[in-house]
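Everything below concerns the one structure shown next.
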Amino acid sequence: MAIKSKKSVLSEVYGLRENPFKSSQIYNVDNPDPFVPEMYGEQYEEFHKKFFLLPLGKESNKQVIGALWSSHQGDDLGKGFGKSMLMAEESRRINKDFGRAMLELAEIGEQDIEENPVLSGYCTFDKSKNIQTFPAALLDAVAFILESKYGEDSTVHAELRRRMIEKLELNADFAGEEIKQALLKELRKYRGLNIQLTHATINGFIDRLCHEDTGDLVRFIRQEGIGPRIKATQGFNFVHVFSAFVQLAGIVYVTYFIDQIENFASWTRKQDQEVKVLRESMCQTSPTAEMSSFIFQMHIRAEAAIENMWKSEHLPSLAFNKPMNAARVVYLKGLSTTEEAADLAAAYLAPCRKPEFKTPTPIFPFTDEVIEAVWSAVKGNPRAFLESLFNILNQAELQSEKKIDLTFVQPLLDDVGEEVSDDEEDDDNSNPER
Amino acid sequence: MTRKTTTTRTPSDKDTAMTAPIDSIPRVSVQDLVIALRMFESSSDTTLENLRLRFCYAKNKSKKGGNLFPTAVIVAGEMQKLGLIEPVALPKASSKTHETSKGKVIKVTASGQELLRVFLADRMAAFDKLFGLMYTTHRNLQTFVGVILERNLIAPIATSVKDHVGASYGSASALADAVSEGKFNTEETLRLLAQRLGRALTEEERDELNTGIEKLVKDYKMSAASEDGTEFAKNFLGKLNDVVIPAIFRGDGLPFDYRTHRTIWSLGEGFKLWGTITSHPDYSGTVVYRTASIILTPEMDQVKALVFDSGLKKTGENFLGKMFAAYQELQTLRKSRFVNAWELRSVFCLDNRCQQSVFNRLFEEHYAGSDSYNLHFEIQQAKSRHELPLRAGQRSVGTILMTREAT
């Protein structure tokens, strides 16, 4: 239990149970901070359009090999713009209803929504979890999808099974075995697949995929069943099995978001070979090829790390500055307006409010001017913005400062540096057009 | 209490200035006043330093030292005049007073709070109300409104040495040489001025201009010899406008200095009541024209109502048809199928008495053309000197070709 001071301005004046912000706002997939789609502005819609809606508009091959970039203007290194959070949290939201809400938002008709359920996976290169190759990473994304929540109290895995039973009119009492037979039959259709279906690990995976224990399945993938060496060499085969499985359940499209690609370049030996395998075994092999997209998280250092091997394998360019790539690349620009910044701050503040405390605005104890000052000082970088708010609240607590205004905040922001331009800000203080 | 404001005083005619109505228009924008007013949203008082910092952020300027402190003081002064903040002794509008006066507290009045309430509920109504307050407070503004309601103003602002000062000054250094040697040709400048105005100069205008330019040349003789030619020409043109603009408008009852004119023009644009164009092919200078109807009380000292009769909605009716009419007008004049985008905008705005911002907005909506009208663009190659670019989607348009489908 955290200690509480009776003299705390945070509690007594600002009505907060604790400082809602952190000194280091780095995305943690197991314990995520509030997800505020509004902070992505127009890029949020672009994200849906380019990685989901455009591919869904295609009949035969829906594959997109794209990238999610973030600003590296000035001294930015493209860090802290919320790429990881967007990829992972948006995937969770999509999996929760198989993309229904997203498609409704885009005003897609009910029949099309029914006929085009989608899934979305997230994975990251993580040495501590032995995820250092593309097959291992994509297999982790498969686990991410399967254990994602569906609705309020189900999982994607359970829902896929339910749909399959319904669609194939299977006997619910023997569903596991019947699904397995249907899946094996389906897998045998793909002559390009080089999967030994009798292999113990593959068989173990198929068994668990077809039976109802999601926890057991995820443990099998992540910890107990598929060892690091098999993940690295055979991981793609498990992804193909998964693709065939979801296809049987009526899923038409799966997007894989692949994070921290620069780590792949740092840790993996034989990178050229790895990229070749990615192209040949994943991007060009059915059933995954036609129904899956691969979106890589990029920033300037990541691009430099993979550029050569990417080119030599003739994989499509992921550069953000080539106009021809525009339909496959989303470029996050950070918080582009003070309103987006205010929405983000409010989303963090709300869960920490004392229930009985009445606040004049959702961003209290900050004012619009202070939010704008911080936003401007950090040049719209969401991570730096949240960290600055953390420091300001801490400083106010230390000094028992009852009012956070520009004169209090400015000295704290001085070291952040300032970018001055001649462009006057176009904000909501202007006279509307009549 | 001294404040940095524009006054009616002109350097070239002290006697007239003494008899002109004494009033000052603050060198602030409408937006500055609104930004300052909104500082009272979360608290009924604030400090000049808070206000200064707010301006720095809003204008994306450096926050260091006393930057924009004078603006904060001027805006606070104007708000006091308008009765929006309580009377308090304000420091001199200079960055030198920043350190000693930055903590000065300003408090919103009941009418300030009322205006803020209106702003939050109905932004347009708040701007109209603010204009009403400024109109009642500033006699210079009243005089200007009286004139602009009756006719357009053509301001022959000098922006080019060769075209507006003298054809013989082919370069900035030629002008500097002429001034330093005391060989400036005033007659040539007056001839070009009359040509630009499209009328002969009156005797009074000639006298005032001769005296003013003579003094200007004398004052600038030393700097013409020492300053860089381009820099000198820029300064000289600015000062020449200080002489010419009051002299030309004195006959209209607008004896303000050049800066006051400019401030009033931009206030009108902020309030959407009058606009300025600089690229109309029929005029060699800036045209100031009314874009709304201002209905005054019988005593003419208060605004009764503002009617935006050429706003977005009205101008948007048959927009492409109106644009085609402007295009034809310009095409006939220029004898070219592709016409300059800024000139087209200027012709359209003056013909339809609308703000340039209205045209820009409607153009963004209609640039794809319609069943009846086709538009073809060439991308902007050169920057316009005084105008914002015309945008069509992600492009800046340089020239436009417009055709109408046969019916």
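Ordered as shown in the structure tokens, chains take letters A, B, and onward, while each chain numbers its residues from 1 and ligands are numbered from 1 in the order shown.
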
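Within range 29-197 of chain B, the backbone-based DSSP assignment of strand (DSSP E) covers Asp45, Thr46, Thr47, Val105, Ile106, Lys107, Leu153, Ile154 and Ala155 of chain B.
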
Any chance you could export the current selection's C-alpha atoms as an mmCIF file, in the first residue's frame?
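What follows is the written file part-v4.cif:
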data_model
loop_
_atom_site.group_PDB
_atom_site.id
_atom_site.type_symbol
_atom_site.label_atom_id
_atom_site.label_comp_id
_atom_site.auth_asym_id
_atom_site.auth_seq_id
_atom_site.Cartn_x
_atom_site.Cartn_y
_atom_site.Cartn_z
ATOM 1 C CA ASP B 45 -6.950 36.850 -13.067
ATOM 2 C CA THR B 46 -3.608 36.296 -14.666
ATOM 3 C CA THR B 47 -0.249 38.023 -14.940
ATOM 4 C CA VAL B 105 -1.842 41.029 -12.209
ATOM 5 C CA ILE B 106 -4.727 41.775 -14.567
ATOM 6 C CA LYS B 107 -8.307 40.882 -13.678
ATOM 7 C CA LEU B 153 -9.885 52.139 -51.251
ATOM 8 C CA ILE B 154 -6.918 51.853 -53.560
ATOM 9 C CA ALA B 155 -3.651 52.068 -51.660
#

List the neighbours of range 109-112 of chain A out to 12 Å using only C-alpha atoms; skip same-chain residues closer than 3 positions along the sequence, and give me the result as a list in words. Leu53, Leu56, Gly57, Gly99, Arg100, Ala101, Met102, Leu103, Glu104, Leu105, Ala106, Glu115, Asn116, Pro117, Val118 and Val252 of chain A

Of the candidates B:Arg250, B:Lys272, B:His98, B:Arg199, which shows the shortest atom-to-atom distance to Gln356 in chain B, using only C-alpha atoms? B:Lys272

Tell me which protein, DNA and RNA residues are within 10 Å of range 158-161 of chain B, counting only C-alpha atoms, leaving out same-chain ones fewer than 2 positions away, and put them as a ChimeraX atom specification. /B:155-156,163-172,174-175,189,193,233-234,236-241,244-245,284-286,385-386

Convert the current residue selection to file output with N, CA and C atoms, as a PDB file, in the first residue's frame.
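Output file out.pdb is given in full below:
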ATOM      1  N   ALA B 155      -4.857  51.588 -52.346  1.00  0.00           N
ATOM      2  CA  ALA B 155      -3.651  52.068 -51.660  1.00  0.00           C
ATOM      3  C   ALA B 155      -2.430  51.791 -52.540  1.00  0.00           C
ATOM      4  N   PRO B 156      -1.816  52.856 -53.059  1.00  0.00           N
ATOM      5  CA  PRO B 156      -0.664  52.640 -53.946  1.00  0.00           C
ATOM      6  C   PRO B 156       0.609  52.355 -53.152  1.00  0.00           C
ATOM      7  N   ASP B 163       9.320  49.912 -60.472  1.00  0.00           N
ATOM      8  CA  ASP B 163       7.947  50.174 -60.932  1.00  0.00           C
ATOM      9  C   ASP B 163       7.255  51.288 -60.162  1.00  0.00           C
ATOM     10  N   HIS B 164       7.646  51.502 -58.924  1.00  0.00           N
ATOM     11  CA  HIS B 164       6.882  52.442 -58.097  1.00  0.00           C
ATOM     12  C   HIS B 164       7.656  53.681 -57.669  1.00  0.00           C
ATOM     13  N   VAL B 165       8.976  53.659 -57.816  1.00  0.00           N
ATOM     14  CA  VAL B 165       9.766  54.845 -57.400  1.00  0.00           C
ATOM     15  C   VAL B 165      10.305  55.573 -58.629  1.00  0.00           C
ATOM     16  N   GLY B 166      10.856  54.806 -59.552  1.00  0.00           N
ATOM     17  CA  GLY B 166      11.365  55.454 -60.759  1.00  0.00           C
ATOM     18  C   GLY B 166      11.950  54.416 -61.695  1.00  0.00           C
ATOM     19  N   ALA B 167      11.561  54.482 -62.972  1.00  0.00           N
ATOM     20  CA  ALA B 167      12.030  53.481 -63.933  1.00  0.00           C
ATOM     21  C   ALA B 167      13.541  53.535 -64.090  1.00  0.00           C
ATOM     22  N   SER B 168      14.126  54.686 -63.795  1.00  0.00           N
ATOM     23  CA  SER B 168      15.584  54.820 -63.976  1.00  0.00           C
ATOM     24  C   SER B 168      16.362  54.078 -62.877  1.00  0.00           C
ATOM     25  N   TYR B 169      15.656  53.740 -61.789  1.00  0.00           N
ATOM     26  CA  TYR B 169      16.342  53.004 -60.719  1.00  0.00           C
ATOM     27  C   TYR B 169      16.184  51.502 -60.989  1.00  0.00           C
ATOM     28  N   GLY B 170      17.024  51.038 -61.894  1.00  0.00           N
ATOM     29  CA  GLY B 170      16.916  49.632 -62.290  1.00  0.00           C
ATOM     30  C   GLY B 170      17.328  48.680 -61.191  1.00  0.00           C
ATOM     31  N   SER B 171      18.079  49.151 -60.219  1.00  0.00           N
ATOM     32  CA  SER B 171      18.517  48.287 -59.127  1.00  0.00           C
ATOM     33  C   SER B 171      18.464  49.069 -57.817  1.00  0.00           C
ATOM     34  N   ALA B 172      18.574  48.325 -56.730  1.00  0.00           N
ATOM     35  CA  ALA B 172      18.539  48.961 -55.408  1.00  0.00           C
ATOM     36  C   ALA B 172      19.717  49.915 -55.246  1.00  0.00           C
ATOM     37  N   ALA B 174      21.177  51.643 -57.539  1.00  0.00           N
ATOM     38  CA  ALA B 174      20.968  52.878 -58.312  1.00  0.00           C
ATOM     39  C   ALA B 174      20.165  53.880 -57.487  1.00  0.00           C
ATOM     40  N   LEU B 175      19.182  53.357 -56.764  1.00  0.00           N
ATOM     41  CA  LEU B 175      18.381  54.221 -55.894  1.00  0.00           C
ATOM     42  C   LEU B 175      19.253  54.794 -54.780  1.00  0.00           C
ATOM     43  N   THR B 189       8.595  59.936 -59.397  1.00  0.00           N
ATOM     44  CA  THR B 189       7.827  59.150 -58.415  1.00  0.00           C
ATOM     45  C   THR B 189       6.368  59.603 -58.416  1.00  0.00           C
ATOM     46  N   LEU B 193       3.048  57.515 -59.433  1.00  0.00           N
ATOM     47  CA  LEU B 193       1.964  57.433 -58.446  1.00  0.00           C
ATOM     48  C   LEU B 193       0.623  57.796 -59.084  1.00  0.00           C
ATOM     49  N   ALA B 233      17.111  50.018 -49.879  1.00  0.00           N
ATOM     50  CA  ALA B 233      15.908  50.147 -50.719  1.00  0.00           C
ATOM     51  C   ALA B 233      14.668  49.704 -49.960  1.00  0.00           C
ATOM     52  N   LYS B 234      14.808  48.633 -49.177  1.00  0.00           N
ATOM     53  CA  LYS B 234      13.686  48.116 -48.391  1.00  0.00           C
ATOM     54  C   LYS B 234      13.211  49.166 -47.369  1.00  0.00           C
ATOM     55  N   PHE B 236      13.827  52.377 -47.468  1.00  0.00           N
ATOM     56  CA  PHE B 236      13.370  53.581 -48.157  1.00  0.00           C
ATOM     57  C   PHE B 236      11.924  53.416 -48.634  1.00  0.00           C
ATOM     58  N   LEU B 237      11.636  52.236 -49.184  1.00  0.00           N
ATOM     59  CA  LEU B 237      10.259  51.977 -49.646  1.00  0.00           C
ATOM     60  C   LEU B 237       9.271  52.075 -48.485  1.00  0.00           C
ATOM     61  N   GLY B 238       9.674  51.533 -47.346  1.00  0.00           N
ATOM     62  CA  GLY B 238       8.816  51.589 -46.155  1.00  0.00           C
ATOM     63  C   GLY B 238       8.527  53.032 -45.759  1.00  0.00           C
ATOM     64  N   LYS B 239       9.568  53.818 -45.751  1.00  0.00           N
ATOM     65  CA  LYS B 239       9.403  55.218 -45.354  1.00  0.00           C
ATOM     66  C   LYS B 239       8.629  56.015 -46.410  1.00  0.00           C
ATOM     67  N   LEU B 240       8.842  55.638 -47.672  1.00  0.00           N
ATOM     68  CA  LEU B 240       8.104  56.320 -48.741  1.00  0.00           C
ATOM     69  C   LEU B 240       6.605  56.075 -48.574  1.00  0.00           C
ATOM     70  N   ASN B 241       6.261  54.852 -48.196  1.00  0.00           N
ATOM     71  CA  ASN B 241       4.845  54.549 -47.951  1.00  0.00           C
ATOM     72  C   ASN B 241       4.302  55.365 -46.784  1.00  0.00           C
ATOM     73  N   VAL B 244       3.518  58.608 -48.538  1.00  0.00           N
ATOM     74  CA  VAL B 244       2.513  58.584 -49.609  1.00  0.00           C
ATOM     75  C   VAL B 244       1.104  58.239 -49.094  1.00  0.00           C
ATOM     76  N   ILE B 245       1.002  57.184 -48.296  1.00  0.00           N
ATOM     77  CA  ILE B 245      -0.342  56.686 -47.925  1.00  0.00           C
ATOM     78  C   ILE B 245      -1.171  57.742 -47.170  1.00  0.00           C
ATOM     79  N   SER B 284      -3.004  48.892 -59.583  1.00  0.00           N
ATOM     80  CA  SER B 284      -1.587  48.745 -59.255  1.00  0.00           C
ATOM     81  C   SER B 284      -1.410  49.137 -57.792  1.00  0.00           C
ATOM     82  N   GLY B 285      -1.769  48.243 -56.927  1.00  0.00           N
ATOM     83  CA  GLY B 285      -1.666  48.524 -55.497  1.00  0.00           C
ATOM     84  C   GLY B 285      -2.617  47.630 -54.734  1.00  0.00           C
ATOM     85  N   THR B 286      -2.798  47.955 -53.469  1.00  0.00           N
ATOM     86  CA  THR B 286      -3.682  47.156 -52.620  1.00  0.00           C
ATOM     87  C   THR B 286      -5.100  47.725 -52.680  1.00  0.00           C
ATOM     88  N   ARG B 385       4.483  37.259 -54.624  1.00  0.00           N
ATOM     89  CA  ARG B 385       5.227  38.172 -53.746  1.00  0.00           C
ATOM     90  C   ARG B 385       4.449  38.539 -52.486  1.00  0.00           C
ATOM     91  N   HIS B 386       3.156  38.671 -52.646  1.00  0.00           N
ATOM     92  CA  HIS B 386       2.398  39.177 -51.496  1.00  0.00           C
ATOM     93  C   HIS B 386       1.213  38.309 -51.121  1.00  0.00           C
TER      94      HIS B 386
END

Which residues are near Gln273 in chain A? Cut-off 12 Å, only C-alpha atoms, ignore same chain within fewer than 2 positions. Put them as a PyMOL selection string. chain A and resi 133-134+232-233+268-271+275-281+309-310+312-313

If you keep C-alpha atoms, can you produce a file of those selected residues as an mmCIF file, in the first residue's frame?
data_model
loop_
_atom_site.group_PDB
_atom_site.id
_atom_site.type_symbol
_atom_site.label_atom_id
_atom_site.label_comp_id
_atom_site.auth_asym_id
_atom_site.auth_seq_id
_atom_site.Cartn_x
_atom_site.Cartn_y
_atom_site.Cartn_z
ATOM 1 C CA THR A 133 13.898 -14.576 -36.203
ATOM 2 C CA PHE A 134 10.868 -13.846 -38.393
ATOM 3 C CA ALA A 232 13.483 -20.508 -35.717
ATOM 4 C CA THR A 233 13.533 -23.149 -38.433
ATOM 5 C CA THR A 268 20.196 -12.344 -35.893
ATOM 6 C CA ARG A 269 22.994 -14.094 -37.664
ATOM 7 C CA LYS A 270 22.539 -14.984 -41.340
ATOM 8 C CA GLN A 271 20.085 -12.111 -41.774
ATOM 9 C CA VAL A 275 14.805 -12.363 -45.080
ATOM 10 C CA LYS A 276 14.904 -14.797 -47.988
ATOM 11 C CA VAL A 277 12.950 -17.324 -45.940
ATOM 12 C CA LEU A 278 10.443 -14.604 -45.007
ATOM 13 C CA ARG A 279 9.852 -13.832 -48.651
ATOM 14 C CA GLU A 280 9.726 -17.381 -49.959
ATOM 15 C CA SER A 281 8.042 -19.213 -47.124
ATOM 16 C CA MET A 309 18.987 -7.235 -47.202
ATOM 17 C CA TRP A 310 15.493 -6.037 -48.024
ATOM 18 C CA SER A 312 18.568 -7.834 -52.279
ATOM 19 C CA GLU A 313 15.477 -9.996 -51.744
#

Between B:Val179, B:Leu82, B:Ala406, B:Val217, which residue has the minimum interatomic distance to Leu133 in chain B, considering only C-alpha atoms? B:Leu82

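Distances to Leu33 in chain B were evaluated for B:Phe271, B:Glu208, B:Thr332, B:Thr97 using only C-alpha atoms, and the minimum falls at B:Phe271.
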
So which residues touch range 160-173 of chain A within 8 Å, counting only C-alpha atoms, skipping near sequence neighbours fewer than 2 positions away, as a list in words?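 The residues that qualify are Val156, His157, Ala158, Ala175, Glu178, Ile179, Cys210, Glu212, Val246, Leu248, Ala249 and Gly250 of chain A.
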
Based on the selection just made, write C-alpha atoms of those residues as a short mmCIF file (atom, residue, chain, number, x, y, z; two decimals), in the first residue's frame.
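Below is the file out_21.cif, written as the result:
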data_model
loop_
_atom_site.label_atom_id
_atom_site.label_comp_id
_atom_site.auth_asym_id
_atom_site.auth_seq_id
_atom_site.Cartn_x
_atom_site.Cartn_y
_atom_site.Cartn_z
CA VAL A 156 -10.36 -15.44 -30.27
CA HIS A 157 -9.40 -19.13 -30.17
CA ALA A 158 -12.74 -20.12 -28.60
CA ALA A 175 -15.64 -31.07 -32.06
CA GLU A 178 -13.70 -33.26 -36.24
CA ILE A 179 -12.00 -29.87 -36.49
CA CYS A 210 -8.40 -27.85 -32.48
CA GLU A 212 -10.71 -25.96 -26.50
CA VAL A 246 -8.73 -19.38 -39.36
CA LEU A 248 -11.92 -22.69 -42.05
CA ALA A 249 -13.56 -20.45 -39.45
CA GLY A 250 -14.40 -17.90 -42.15
#

Do a neighbour search on Tyr258 in chain B at 9 Å with only C-alpha atoms, toss out local chain neighbours closer than 3 positions, and write the hits as a PyMOL selection string. chain B and resi 10+241-246+261-263

Dump C-alpha atoms for the selected residues as an mmCIF file, in the first residue's frame?
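As written to disk, selection-v2.cif reads:
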data_model
loop_
_atom_site.group_PDB
_atom_site.id
_atom_site.type_symbol
_atom_site.label_atom_id
_atom_site.label_comp_id
_atom_site.auth_asym_id
_atom_site.auth_seq_id
_atom_site.Cartn_x
_atom_site.Cartn_y
_atom_site.Cartn_z
ATOM 1 C CA THR B 10 2.243 62.011 -39.592
ATOM 2 C CA ASN B 241 4.845 54.549 -47.951
ATOM 3 C CA ASP B 242 4.736 56.449 -44.649
ATOM 4 C CA VAL B 243 4.737 59.650 -46.714
ATOM 5 C CA VAL B 244 2.513 58.584 -49.609
ATOM 6 C CA ILE B 245 -0.342 56.686 -47.925
ATOM 7 C CA PRO B 246 -1.463 59.424 -45.461
ATOM 8 C CA HIS B 261 -3.994 51.838 -42.114
ATOM 9 C CA ARG B 262 -2.394 48.427 -42.209
ATOM 10 C CA THR B 263 -3.591 47.641 -38.689
#

Per residue of chain B within 7 Å of chain A, record the nearest atom pair and its distance in Å to one decimal, counting only C-alpha atoms, with rows in chain order and ascending residue number, as JSON lines.
{"residue": "B:Gln31", "atom": "CA", "partner": "A:Ser430", "partner_atom": "CA", "distance": 5.9}
{"residue": "B:Val34", "atom": "CA", "partner": "A:Asn429", "partner_atom": "CA", "distance": 6.2}
{"residue": "B:Ile35", "atom": "CA", "partner": "A:Asn429", "partner_atom": "CA", "distance": 6.4}
{"residue": "B:Ser42", "atom": "CA", "partner": "A:Thr367", "partner_atom": "CA", "distance": 7.0}
{"residue": "B:Glu49", "atom": "CA", "partner": "A:Thr407", "partner_atom": "CA", "distance": 6.9}
{"residue": "B:Asn50", "atom": "CA", "partner": "A:Leu406", "partner_atom": "CA", "distance": 5.6}
{"residue": "B:Leu53", "atom": "CA", "partner": "A:Leu406", "partner_atom": "CA", "distance": 6.7}
{"residue": "B:Arg54", "atom": "CA", "partner": "A:Glu369", "partner_atom": "CA", "distance": 6.6}
{"residue": "B:Tyr57", "atom": "CA", "partner": "A:Ala373", "partner_atom": "CA", "distance": 6.2}
{"residue": "B:Ala58", "atom": "CA", "partner": "A:Glu425", "partner_atom": "CA", "distance": 5.8}
{"residue": "B:Lys59", "atom": "CA", "partner": "A:Glu424", "partner_atom": "CA", "distance": 4.7}
{"residue": "B:Asn60", "atom": "CA", "partner": "A:Val420", "partner_atom": "CA", "distance": 5.6}
{"residue": "B:Lys61", "atom": "CA", "partner": "A:Val420", "partner_atom": "CA", "distance": 5.1}
{"residue": "B:Ser62", "atom": "CA", "partner": "A:Val420", "partner_atom": "CA", "distance": 5.9}
{"residue": "B:Met124", "atom": "CA", "partner": "A:Pro432", "partner_atom": "CA", "distance": 6.4}
{"residue": "B:Phe127", "atom": "CA", "partner": "A:Asn431", "partner_atom": "CA", "distance": 6.5}
{"residue": "B:Gly270", "atom": "CA", "partner": "A:Asn431", "partner_atom": "CA", "distance": 6.5}
{"residue": "B:Phe271", "atom": "CA", "partner": "A:Asn431", "partner_atom": "CA", "distance": 6.6}
{"residue": "B:Phe308", "atom": "CA", "partner": "A:Arg434", "partner_atom": "CA", "distance": 6.6}
{"residue": "B:Gly311", "atom": "CA", "partner": "A:Arg434", "partner_atom": "CA", "distance": 4.8}
{"residue": "B:Leu312", "atom": "CA", "partner": "A:Arg434", "partner_atom": "CA", "distance": 5.4}
{"residue": "B:Val358", "atom": "CA", "partner": "A:Glu433", "partner_atom": "CA", "distance": 6.9}

Taking the chain letters and numbering used in this document, name the residues of range 32-221 of chain A that DSSP puts in alpha helix (DSSP H), as a count of residues only. 95

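The spacing separating CA of Leu398 in chain A from CA of Ser8 in chain A amounts to 8.9 Å.
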
Selection near range 253-258 of chain A, 8 Å with only C-alpha atoms, sequence-local residues under 6 positions removed, as number ranges by chain: A: 51-52, 56, 62, 87-88, 116-125, 137-138, 141, 291-297

Selection export as a short mmCIF file (atom, residue, chain, number, x, y, z; two decimals), in the first residue's frame, atoms kept: N, CA and C atoms:
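Produced file again-v2.cif, reproduced below:
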data_model
loop_
_atom_site.label_atom_id
_atom_site.label_comp_id
_atom_site.auth_asym_id
_atom_site.auth_seq_id
_atom_site.Cartn_x
_atom_site.Cartn_y
_atom_site.Cartn_z
N PHE A 51 -4.06 -0.55 -44.03
CA PHE A 51 -3.70 -1.89 -43.58
C PHE A 51 -4.89 -2.84 -43.48
N PHE A 52 -6.10 -2.31 -43.58
CA PHE A 52 -7.27 -3.19 -43.48
C PHE A 52 -8.28 -2.97 -44.62
N LEU A 56 -8.94 -5.41 -47.88
CA LEU A 56 -10.23 -6.11 -47.87
C LEU A 56 -11.03 -5.84 -49.14
N LYS A 62 -4.83 -10.34 -50.86
CA LYS A 62 -5.01 -9.17 -50.01
C LYS A 62 -3.70 -8.69 -49.41
N MET A 87 0.01 -0.53 -32.76
CA MET A 87 -0.01 -1.84 -33.40
C MET A 87 -0.64 -2.89 -32.49
N ALA A 88 -0.23 -2.90 -31.23
CA ALA A 88 -0.70 -3.95 -30.33
C ALA A 88 -2.13 -3.69 -29.85
N ASN A 116 -16.66 -10.50 -43.98
CA ASN A 116 -15.23 -10.18 -43.98
C ASN A 116 -14.64 -10.03 -42.59
N PRO A 117 -14.75 -11.07 -41.76
CA PRO A 117 -14.12 -10.94 -40.44
C PRO A 117 -12.59 -10.94 -40.56
N VAL A 118 -11.93 -10.13 -39.75
CA VAL A 118 -10.47 -10.02 -39.84
C VAL A 118 -9.83 -10.23 -38.46
N LEU A 119 -8.55 -10.55 -38.48
CA LEU A 119 -7.78 -10.69 -37.25
C LEU A 119 -6.50 -9.87 -37.38
N SER A 120 -5.91 -9.57 -36.23
CA SER A 120 -4.70 -8.78 -36.27
C SER A 120 -3.74 -9.24 -35.16
N GLY A 121 -2.48 -9.45 -35.53
CA GLY A 121 -1.51 -9.94 -34.56
C GLY A 121 -0.37 -8.97 -34.36
N TYR A 122 0.25 -9.08 -33.20
CA TYR A 122 1.37 -8.19 -32.89
C TYR A 122 2.52 -9.04 -32.35
N CYS A 123 3.72 -8.76 -32.81
CA CYS A 123 4.88 -9.45 -32.26
C CYS A 123 6.07 -8.51 -32.26
N THR A 124 7.01 -8.83 -31.43
CA THR A 124 8.20 -7.98 -31.36
C THR A 124 9.43 -8.87 -31.19
N PHE A 125 10.53 -8.43 -31.74
CA PHE A 125 11.77 -9.18 -31.56
C PHE A 125 12.25 -8.97 -30.12
N ALA A 137 8.97 -14.74 -34.49
CA ALA A 137 8.17 -13.54 -34.22
C ALA A 137 6.73 -13.75 -34.69
N LEU A 138 6.58 -14.28 -35.90
CA LEU A 138 5.21 -14.45 -36.42
C LEU A 138 4.44 -15.50 -35.62
N ALA A 141 3.07 -13.81 -32.79
CA ALA A 141 1.87 -13.04 -33.16
C ALA A 141 0.65 -13.95 -33.22
N MET A 291 -3.85 -14.20 -47.75
CA MET A 291 -4.75 -13.62 -46.74
C MET A 291 -4.03 -12.82 -45.65
N SER A 292 -2.72 -12.66 -45.79
CA SER A 292 -2.00 -12.00 -44.70
C SER A 292 -1.19 -10.81 -45.17
N SER A 293 -1.13 -9.80 -44.32
CA SER A 293 -0.28 -8.64 -44.57
C SER A 293 0.78 -8.57 -43.48
N PHE A 294 1.90 -7.99 -43.84
CA PHE A 294 3.01 -7.88 -42.89
C PHE A 294 3.41 -6.41 -42.79
N ILE A 295 3.20 -5.85 -41.63
CA ILE A 295 3.46 -4.42 -41.44
C ILE A 295 4.60 -4.28 -40.43
N PHE A 296 5.64 -3.60 -40.85
CA PHE A 296 6.83 -3.49 -40.01
C PHE A 296 6.90 -2.12 -39.37
N GLN A 297 7.28 -2.13 -38.10
CA GLN A 297 7.49 -0.85 -37.42
C GLN A 297 8.82 -0.30 -37.88
#

May I ask for the distance between CA of Ser148 in chain A and CA of Arg92 in chain A, given in Å to one decimal place? 6.2 Å
